[in-house]
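Enquirer: Please find one structure pasted underneath; my questions will follow.
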Amino acid sequence: MSTPPLTETDQLTGVWQIDPAHSEVSFTVRHLMARVRGSFSSFSGTISVGDDPTRSSVRAEIDTTSVDTRNAERDKHLRSADYFDTDTHPAAHFESATVREQEDGRYSVEGFMTVKGETRPVTLHLVFLGVAEDPWGGTRAGFRASTRISRSDFGVMGNVPLPGGRALIGDSVDIELEIEAVRQQ
């Protein structure tokens, strides 16, 4: 009787370190009618994958001082107490609690995000992109994840009221993650 071939998810078991040089943490938020995009250039994290992917865990940290919206004045304002208050809270954190398999390489990763000292439950909608060997003998895995949060839930309140009860900046923030992680030996 032969052993069934390994699938890509079978190759995931182990500990993976996020490679920030080949990953991206980005966000979009409404400003008046359009959406403004931004990203964080400094972040780190570890993904531990069990034999059963639902027994996996994720821990990540984002350096909020590294916010980049391609506008220096706006970035400076985002670092202020009106938004991230990076002098007091220089990092945001995510720690998973539960991983649930959906279908076709999709998972929901439920956990807790801490921004500006406020911790709230968040669900990441994750897609496993595959495993590959790199040219230097390492093994890499790819993931794409997204979620939507309410920035006011995390105490990120900066805004300007507009006529008609509207606000200059929307409360909903879409977060997108493109992650390439390297297997640790």
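How things are named: the first chain in the structure tokens is A, the next is B, and so on; residues count from 1 in each chain; ligands count from 1 in the order shown.
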Using only C-alpha atoms, tabulate the residues of segment 42-64 of chain A lying at most 9 Å from any atom of segment 24-36 of chain A, each with its closest atom pair and that distance in Å to one decimal, by chain and increasing residue number, as JSON lines.
Expert:
```
{"residue": "A:Ser42", "atom": "CA", "partner": "A:Val25", "partner_atom": "CA", "distance": 8.8}
{"residue": "A:Phe43", "atom": "CA", "partner": "A:Val25", "partner_atom": "CA", "distance": 8.0}
{"residue": "A:Ile62", "atom": "CA", "partner": "A:Val25", "partner_atom": "CA", "distance": 8.4}
```
Enquirer: Write out as JSON, numbers by chain the residues lying within 12 Å of Gly155 of chain A, counting only C-alpha atoms and excluding same-chain residues fewer than 4 positions away.
Expert: {"A": [81, 82, 83, 84, 85, 89, 114, 115, 116, 117, 118, 119, 120, 149, 150, 151, 159, 171]}
Enquirer: For the residues selected in the previous step, produce a file with N, CA, C and O atoms as a short mmCIF file (atom, residue, chain, number, x, y, z; two decimals), in the first residue's frame.
Expert:
```
data_model
loop_
_atom_site.label_atom_id
_atom_site.label_comp_id
_atom_site.auth_asym_id
_atom_site.auth_seq_id
_atom_site.Cartn_x
_atom_site.Cartn_y
_atom_site.Cartn_z
N ALA A 81 -1.53 62.02 18.57
CA ALA A 81 -2.54 61.49 19.51
C ALA A 81 -3.93 61.44 18.89
O ALA A 81 -4.78 60.67 19.35
N ASP A 82 -4.20 62.22 17.83
CA ASP A 82 -5.49 62.16 17.14
C ASP A 82 -5.76 60.78 16.54
O ASP A 82 -6.90 60.38 16.39
N TYR A 83 -4.69 60.09 16.16
CA TYR A 83 -4.83 58.80 15.48
C TYR A 83 -4.08 57.71 16.24
O TYR A 83 -4.59 57.18 17.21
N PHE A 84 -2.87 57.34 15.82
CA PHE A 84 -2.16 56.21 16.41
C PHE A 84 -1.44 56.53 17.72
O PHE A 84 -1.10 55.61 18.46
N ASP A 85 -1.19 57.78 18.02
CA ASP A 85 -0.49 58.17 19.24
C ASP A 85 0.77 57.33 19.42
O ASP A 85 0.98 56.65 20.42
N HIS A 89 1.95 54.59 22.00
CA HIS A 89 1.61 53.25 21.47
C HIS A 89 2.33 53.02 20.14
O HIS A 89 1.71 53.12 19.08
N THR A 114 -4.76 44.66 18.92
CA THR A 114 -4.57 45.77 19.85
C THR A 114 -3.99 46.94 19.08
O THR A 114 -2.94 46.81 18.44
N VAL A 115 -4.71 48.05 19.10
CA VAL A 115 -4.28 49.30 18.47
C VAL A 115 -4.51 50.40 19.50
O VAL A 115 -5.58 50.48 20.10
N LYS A 116 -3.51 51.21 19.70
CA LYS A 116 -3.62 52.36 20.61
C LYS A 116 -4.09 51.94 22.00
O LYS A 116 -4.86 52.62 22.66
N GLY A 117 -3.65 50.74 22.43
CA GLY A 117 -3.98 50.24 23.76
C GLY A 117 -5.35 49.60 23.88
O GLY A 117 -5.70 49.10 24.95
N GLU A 118 -6.13 49.59 22.81
CA GLU A 118 -7.47 48.98 22.83
C GLU A 118 -7.41 47.63 22.13
O GLU A 118 -6.93 47.52 21.00
N THR A 119 -7.91 46.59 22.80
CA THR A 119 -7.92 45.24 22.24
C THR A 119 -9.35 44.85 21.89
O THR A 119 -10.26 44.98 22.72
N ARG A 120 -9.54 44.38 20.65
CA ARG A 120 -10.86 43.99 20.16
C ARG A 120 -10.74 42.69 19.35
O ARG A 120 -9.71 42.43 18.73
N ILE A 149 -12.28 46.77 10.00
CA ILE A 149 -12.45 47.15 11.40
C ILE A 149 -13.08 48.54 11.47
O ILE A 149 -13.06 49.30 10.50
N SER A 150 -13.58 48.86 12.64
CA SER A 150 -14.05 50.20 12.96
C SER A 150 -12.93 50.88 13.74
O SER A 150 -12.59 50.44 14.83
N ARG A 151 -12.36 51.93 13.17
CA ARG A 151 -11.22 52.57 13.84
C ARG A 151 -11.62 53.16 15.18
O ARG A 151 -10.83 53.18 16.12
N ASN A 159 -10.99 63.25 13.36
CA ASN A 159 -11.94 63.49 12.28
C ASN A 159 -12.31 64.96 12.24
O ASN A 159 -12.01 65.72 13.17
N ASP A 171 -15.19 55.72 9.22
CA ASP A 171 -14.85 54.93 10.40
C ASP A 171 -14.35 53.54 10.01
O ASP A 171 -13.52 52.96 10.70
#
```
Enquirer: Considering only C-alpha atoms, can you say which of A:Asp19, A:Asp68, A:Glu178, A:Glu95 comes closest to Phe40 of chain A?
Expert: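 Among A:Asp19, A:Asp68, A:Glu178, A:Glu95, it is A:Asp68 that comes nearest to Phe40 of chain A.
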Enquirer: From the set A:Arg79, A:Val58, A:Pro163, A:Ala132, which residue has the shortest atom-to-atom contact distance to Met113 of chain A, counting only C-alpha atoms?
Expert: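 Answer, going by the shortest atom-to-atom distance: A:Val58.
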Enquirer: Skip Val99 of chain A itself and residues of its chain fewer than 3 positions away, then list as a PyMOL selection string all residues within 7 Å of it, counting only C-alpha atoms.
Expert: chain A and resi 54-56+107-110
Enquirer: Go through A:Arg166, A:His125, A:Arg70, A:Arg140 one by one, measure the shortest atom-to-atom distance of each to Gly14 of chain A using only C-alpha atoms, and give the residue with the smallest value.
Expert: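 The closest residue to Gly14 of chain A is A:Arg140.
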